[in-house]
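Source file upload_36.csv; content: CSV, C-alpha atoms.
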```csv
chain,number,residue,atom,x,y,z
A,1,MET,CA,0.0,0.0,0.0
A,2,HIS,CA,1.4,3.4,-1.0
A,3,GLU,CA,-0.4,6.5,0.2
A,4,ASP,CA,1.0,8.6,-2.6
A,5,TRP,CA,-2.2,10.2,-3.7
A,6,ASP,CA,-0.6,12.4,-6.4
A,7,ALA,CA,0.7,9.2,-8.0
A,8,ALA,CA,-2.7,7.6,-7.6
A,9,GLU,CA,-4.4,10.5,-9.4
A,10,ARG,CA,-1.8,10.4,-12.2
A,11,LYS,CA,-2.7,6.7,-12.7
A,12,LEU,CA,-6.4,7.6,-12.6
A,13,GLY,CA,-6.0,10.4,-15.1
A,14,TYR,CA,-8.2,12.5,-12.8
A,15,VAL,CA,-7.5,14.9,-10.0
A,16,PHE,CA,-10.0,14.9,-7.1
A,17,GLN,CA,-11.3,18.1,-5.7
A,18,ASP,CA,-12.3,16.2,-2.6
A,19,LYS,CA,-9.2,14.4,-1.3
A,20,LYS,CA,-11.2,12.7,1.5
A,21,LEU,CA,-13.4,11.1,-1.2
A,22,LEU,CA,-10.3,9.9,-3.1
A,23,ARG,CA,-9.0,8.2,0.0
A,24,THR,CA,-12.4,6.6,0.7
A,25,CYS,CA,-12.4,5.1,-2.8
A,26,PHE,CA,-9.2,3.2,-1.9
A,27,THR,CA,-10.3,2.2,1.7
A,28,HIS,CA,-11.2,-1.5,2.1
A,29,SER,CA,-13.5,-2.4,5.0
A,30,SER,CA,-10.7,-4.2,6.8
A,31,TYR,CA,-8.7,-1.0,7.0
A,32,ALA,CA,-11.7,1.1,8.1
A,33,ARG,CA,-12.4,-1.4,10.9
A,34,GLU,CA,-8.8,-1.1,12.3
A,35,HIS,CA,-8.2,2.7,11.7
A,36,GLY,CA,-11.7,4.2,11.6
A,37,GLY,CA,-13.2,6.2,8.8
A,38,GLU,CA,-15.5,5.3,5.9
A,39,ASP,CA,-14.8,2.3,3.7
A,40,ASN,CA,-15.6,2.1,0.0
A,41,GLU,CA,-18.5,-0.3,0.1
A,42,ARG,CA,-21.2,2.4,-0.5
A,43,LEU,CA,-19.1,3.7,-3.4
A,44,GLU,CA,-18.9,0.2,-4.8
A,45,PHE,CA,-22.7,0.0,-4.8
A,46,LEU,CA,-23.1,3.2,-6.7
A,47,GLY,CA,-20.2,2.4,-9.0
A,48,ASP,CA,-21.7,-0.9,-10.0
A,49,ALA,CA,-24.9,0.8,-11.3
A,50,LEU,CA,-22.9,3.6,-13.0
A,51,LEU,CA,-20.6,1.2,-14.7
A,52,GLY,CA,-23.4,-0.9,-16.0
A,53,PHE,CA,-25.0,2.2,-17.5
A,54,LEU,CA,-21.7,3.6,-19.0
A,55,VAL,CA,-20.8,0.3,-20.6
A,56,ALA,CA,-24.3,-0.2,-21.9
A,57,GLU,CA,-24.1,3.3,-23.4
A,58,GLU,CA,-20.8,2.5,-25.1
A,59,LEU,CA,-22.1,-0.8,-26.5
A,60,TYR,CA,-25.3,0.9,-27.8
A,61,GLY,CA,-23.1,3.4,-29.7
A,62,ALA,CA,-21.0,0.5,-31.1
A,63,GLY,CA,-24.0,-1.2,-32.6
A,64,GLY,CA,-25.1,-4.9,-32.4
A,65,ASP,CA,-28.3,-6.5,-31.4
A,66,GLU,CA,-29.8,-6.6,-27.9
A,67,GLY,CA,-28.6,-10.1,-27.2
A,68,GLU,CA,-25.0,-9.3,-28.2
A,69,MET,CA,-25.0,-6.1,-26.2
A,70,THR,CA,-26.3,-7.9,-23.1
A,71,ALA,CA,-23.7,-10.6,-23.2
A,72,LEU,CA,-20.9,-8.1,-23.8
A,73,ARG,CA,-22.0,-5.9,-20.9
A,74,ILE,CA,-22.1,-8.8,-18.5
A,75,ARG,CA,-18.6,-9.8,-19.5
A,76,LEU,CA,-17.1,-6.3,-19.4
A,77,VAL,CA,-18.3,-5.5,-15.9
A,78,SER,CA,-17.5,-8.9,-14.4
A,79,ALA,CA,-14.8,-9.3,-11.8
A,80,LYS,CA,-12.0,-10.5,-14.0
A,81,PRO,CA,-11.8,-7.6,-16.5
A,82,LEU,CA,-12.3,-5.0,-13.7
A,83,ALA,CA,-9.5,-6.5,-11.6
A,84,THR,CA,-7.3,-6.7,-14.7
A,85,ALA,CA,-8.0,-3.0,-15.5
A,86,VAL,CA,-7.1,-2.0,-11.9
A,87,ARG,CA,-3.8,-3.9,-12.0
A,88,ALA,CA,-2.9,-2.7,-15.5
A,89,ALA,CA,-3.2,0.9,-14.2
A,90,GLY,CA,-1.2,0.1,-11.0
A,91,LEU,CA,-4.1,1.3,-8.9
A,92,ASP,CA,-4.1,-1.8,-6.7
A,93,ALA,CA,-0.8,-0.5,-5.1
A,94,HIS,CA,-2.8,2.2,-3.4
A,95,LEU,CA,-5.6,0.0,-1.9
A,96,ARG,CA,-5.7,0.5,1.8
A,97,ALA,CA,-6.4,-2.8,3.6
A,98,ALA,CA,-5.5,-4.3,7.0
A,99,ASP,CA,-3.4,-6.9,5.0
A,100,VAL,CA,-3.1,-6.1,1.3
A,101,ARG,CA,-1.7,-9.5,0.7
A,102,SER,CA,-4.8,-11.2,2.0
A,103,VAL,CA,-7.5,-9.3,0.1
A,104,GLY,CA,-9.1,-11.3,-2.7
A,105,GLU,CA,-10.0,-10.7,-6.3
A,106,LYS,CA,-13.3,-9.1,-5.3
A,107,ALA,CA,-11.6,-6.3,-3.4
A,108,VAL,CA,-9.5,-5.5,-6.4
A,109,SER,CA,-12.3,-5.6,-8.9
A,110,SER,CA,-14.6,-3.6,-6.5
A,111,LEU,CA,-12.0,-0.9,-6.4
A,112,PHE,CA,-12.8,-0.1,-10.1
A,113,GLU,CA,-16.5,0.3,-9.2
A,114,ALA,CA,-15.6,2.6,-6.2
A,115,LEU,CA,-13.4,4.8,-8.3
A,116,THR,CA,-16.1,5.1,-11.0
A,117,ALA,CA,-18.5,6.3,-8.3
A,118,GLY,CA,-16.0,8.6,-6.6
A,119,ILE,CA,-15.0,10.3,-9.9
A,120,TYR,CA,-18.7,10.7,-10.7
A,121,LEU,CA,-19.5,12.3,-7.3
A,122,ASP,CA,-16.4,14.5,-7.5
A,123,GLY,CA,-16.5,15.5,-11.2
A,124,GLY,CA,-19.8,14.5,-12.7
A,125,LEU,CA,-20.9,12.0,-15.3
A,126,GLU,CA,-18.5,13.1,-18.1
A,127,ALA,CA,-15.5,12.6,-15.9
A,128,ALA,CA,-16.7,9.1,-14.9
A,129,ARG,CA,-17.4,8.3,-18.6
A,130,ALA,CA,-13.8,9.4,-19.5
A,131,PHE,CA,-12.3,7.2,-16.8
A,132,VAL,CA,-14.3,4.1,-17.8
A,133,ARG,CA,-13.5,4.6,-21.5
A,134,ALA,CA,-9.8,5.0,-20.8
A,135,LYS,CA,-9.4,2.1,-18.4
A,136,LEU,CA,-11.7,-0.6,-19.6
A,137,PRO,CA,-11.2,-2.4,-23.0
A,138,ARG,CA,-13.4,-0.8,-25.7
A,139,ALA,CA,-16.5,-2.9,-26.3
A,140,GLN,CA,-16.0,-3.0,-30.1
A,141,ASP,CA,-12.5,-4.5,-29.7
A,142,ARG,CA,-13.9,-7.6,-28.0
A,143,GLU,CA,-15.0,-10.5,-30.1
A,144,PRO,CA,-18.4,-11.8,-29.0
A,145,ASN,CA,-18.3,-15.3,-27.4
A,146,TYR,CA,-21.6,-16.7,-28.6
A,147,LYS,CA,-20.7,-20.3,-27.5
A,148,GLY,CA,-19.8,-19.0,-24.0
A,149,ASP,CA,-22.9,-16.9,-23.8
A,150,LEU,CA,-25.1,-19.9,-24.7
A,151,GLN,CA,-23.4,-22.1,-22.2
A,152,GLU,CA,-23.9,-19.5,-19.4
A,153,TRP,CA,-27.6,-19.1,-20.3
A,154,LEU,CA,-28.1,-22.9,-20.1
A,155,GLN,CA,-26.1,-23.3,-16.9
A,156,ALA,CA,-28.1,-20.6,-15.2
A,157,ARG,CA,-31.2,-22.6,-15.9
A,158,GLY,CA,-29.8,-26.0,-14.9
A,159,GLN,CA,-29.7,-27.3,-18.5
A,160,GLU,CA,-27.2,-29.5,-20.2
A,161,ARG,CA,-24.5,-28.3,-22.5
A,162,ALA,CA,-25.3,-27.6,-26.1
A,163,ASP,CA,-24.5,-30.3,-28.7
A,164,TYR,CA,-22.7,-29.3,-31.9
A,165,ILE,CA,-23.0,-31.6,-35.0
A,166,LEU,CA,-21.2,-31.0,-38.3
A,167,ILE,CA,-23.9,-31.3,-40.9
A,168,SER,CA,-22.0,-30.7,-44.1
A,169,ARG,CA,-18.8,-29.5,-45.7
A,170,GLU,CA,-19.1,-27.9,-49.1
A,171,GLY,CA,-17.1,-25.8,-51.5
A,172,GLU,CA,-13.6,-26.0,-52.8
A,173,VAL,CA,-10.6,-27.1,-50.7
A,174,HIS,CA,-9.3,-23.5,-50.6
A,175,ALA,CA,-12.7,-22.0,-49.7
A,176,PRO,CA,-14.8,-24.5,-47.7
A,177,SER,CA,-18.2,-23.8,-46.2
A,178,PHE,CA,-19.2,-25.7,-43.1
A,179,THR,CA,-22.7,-26.1,-41.7
A,180,VAL,CA,-23.1,-27.0,-38.0
A,181,ARG,CA,-26.3,-27.7,-36.0
A,182,ALA,CA,-26.4,-26.7,-32.3
A,183,THR,CA,-29.1,-28.3,-30.1
A,184,ALA,CA,-30.1,-27.6,-26.5
A,185,GLY,CA,-33.2,-27.1,-24.4
A,186,GLY,CA,-35.5,-28.7,-27.0
A,187,PHE,CA,-34.4,-26.2,-29.7
A,188,SER,CA,-31.9,-26.4,-32.5
A,189,ALA,CA,-30.3,-23.9,-35.0
A,190,GLU,CA,-27.8,-24.1,-37.8
A,191,GLY,CA,-24.9,-21.9,-38.6
A,192,ARG,CA,-22.5,-21.6,-41.6
A,193,GLY,CA,-18.9,-20.5,-41.8
A,194,GLY,CA,-15.6,-20.9,-43.4
A,195,SER,CA,-14.4,-23.1,-40.5
A,196,VAL,CA,-16.1,-25.4,-38.1
A,197,ARG,CA,-15.4,-23.0,-35.3
A,198,GLU,CA,-17.1,-20.1,-37.1
A,199,ALA,CA,-20.1,-22.3,-38.1
A,200,GLN,CA,-20.5,-23.3,-34.4
A,201,LYS,CA,-20.3,-19.6,-33.4
A,202,HIS,CA,-23.2,-18.7,-35.7
A,203,ALA,CA,-25.2,-21.7,-34.7
A,204,ALA,CA,-24.8,-20.8,-31.0
A,205,LYS,CA,-25.9,-17.2,-31.6
A,206,GLU,CA,-29.0,-18.3,-33.4
A,207,LEU,CA,-29.8,-21.0,-30.9
A,208,LEU,CA,-29.5,-18.6,-28.0
A,209,ARG,CA,-31.9,-16.2,-29.8
A,210,ARG,CA,-34.4,-19.0,-30.2
A,211,LEU,CA,-34.1,-20.2,-26.6
A,212,LYS,CA,-34.7,-16.7,-25.3
A,213,ALA,CA,-37.7,-16.2,-27.6
A,214,GLY,CA,-39.1,-19.6,-26.4
A,215,ALA,CA,-38.6,-18.5,-22.8
A,216,GLY,CA,-40.7,-15.4,-23.4
A,217,GLY,CA,-37.9,-13.0,-24.3
A,218,GLU,CA,-36.1,-13.2,-21.0
A,219,HIS,CA,-32.5,-11.9,-20.9
```
Hey, can you dump this file as C-alpha cells for me?
Amino acid sequence: MHEDWDAAERKLGYVFQDKKLLRTCFTHSSYAREHGGEDNERLEFLGDALLGFLVAEELYGAGGDEGEMTALRIRLVSAKPLATAVRAAGLDAHLRAADVRSVGEKAVSSLFEALTAGIYLDGGLEAARAFVRAKLPRAQDREPNYKGDLQEWLQARGQERADYILISREGEVHAPSFTVRATAGGFSAEGRGGSVREAQKHAAKELLRRLKAGAGGEH
C-alpha cells in the first residue's frame, strides 16, 4: 500500500477536488475497521450501477443486437476484467487494507467500481465516462463469445451443455463452407462459416436467440 495520492491521481488520469473522497475510494472495509473512517462499500454499490450504464451506453453506440450487447455488458463489468484494469493501471498498489496480501480478487475488482462512483460524485458523469473509456477495453474491440454466452444461459437454468454436430462441408478445398447444427433445451439452430469454429459460433448465436424467444424473451 502506497499512500502517494498524487501518484494515484496520475494513474487515474483524474485529479480529485475532494481528497477525502479519493482516500475513501481506496479504503477497504478491513482497513476502516482497524483505523476508523469510511470504507468504499457504499461507493462500490453506486459504481456498480454507474458502470453498467456507461458500458451499456458504449455498447449501444458501437451497434449490435440486444442479445449481443447484453452478453458483452455482462462480461465487461464482471470481476476479472475489472481487476485486470485495476492492476494494469497500477491502482491496486494504493488500496488500503489491513493486510493487502490477503485481500481477494473481489476487493481489487470492486476498487474499479468505487473509483467510478468517486469520480462521478467529484467531477460528474462526463469525468466518470472518460475514466471508464480510458481504463476498460473498448466494447467493439472484444469478439463476441456466442458459445460461451449460450453455455452461461443454459447453466443458469440447470440445463445440459449444447451439442454441436457437423452437418455438411461444401465448396472448394481453398474455400470451404461448413454447416453446424447446435441443439439444447429442445431447440436447434444451424450456422454456416468458413471453418467449423465459425459455423459453431453462428449456430450458437441463433440457438440462443431462439431459446430466449421460447422463454418469453427473457434476458
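Separating CA of Leu115 in chain A from CA of Cys25 in chain A is a distance of 5.6 Å.
CA of Gln151 in chain A lies 12.1 Å from CA of Tyr164 in chain A.
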Two-atom distance - CA of Leu76 in chain A, CA of Ala199 in chain A (Å): 24.8 Å
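Distance check against Ala49 in chain A using all atoms listed in the file: of A:Ser168, A:Ser29, A:Thr116, A:Thr183, the minimum falls on A:Thr116.
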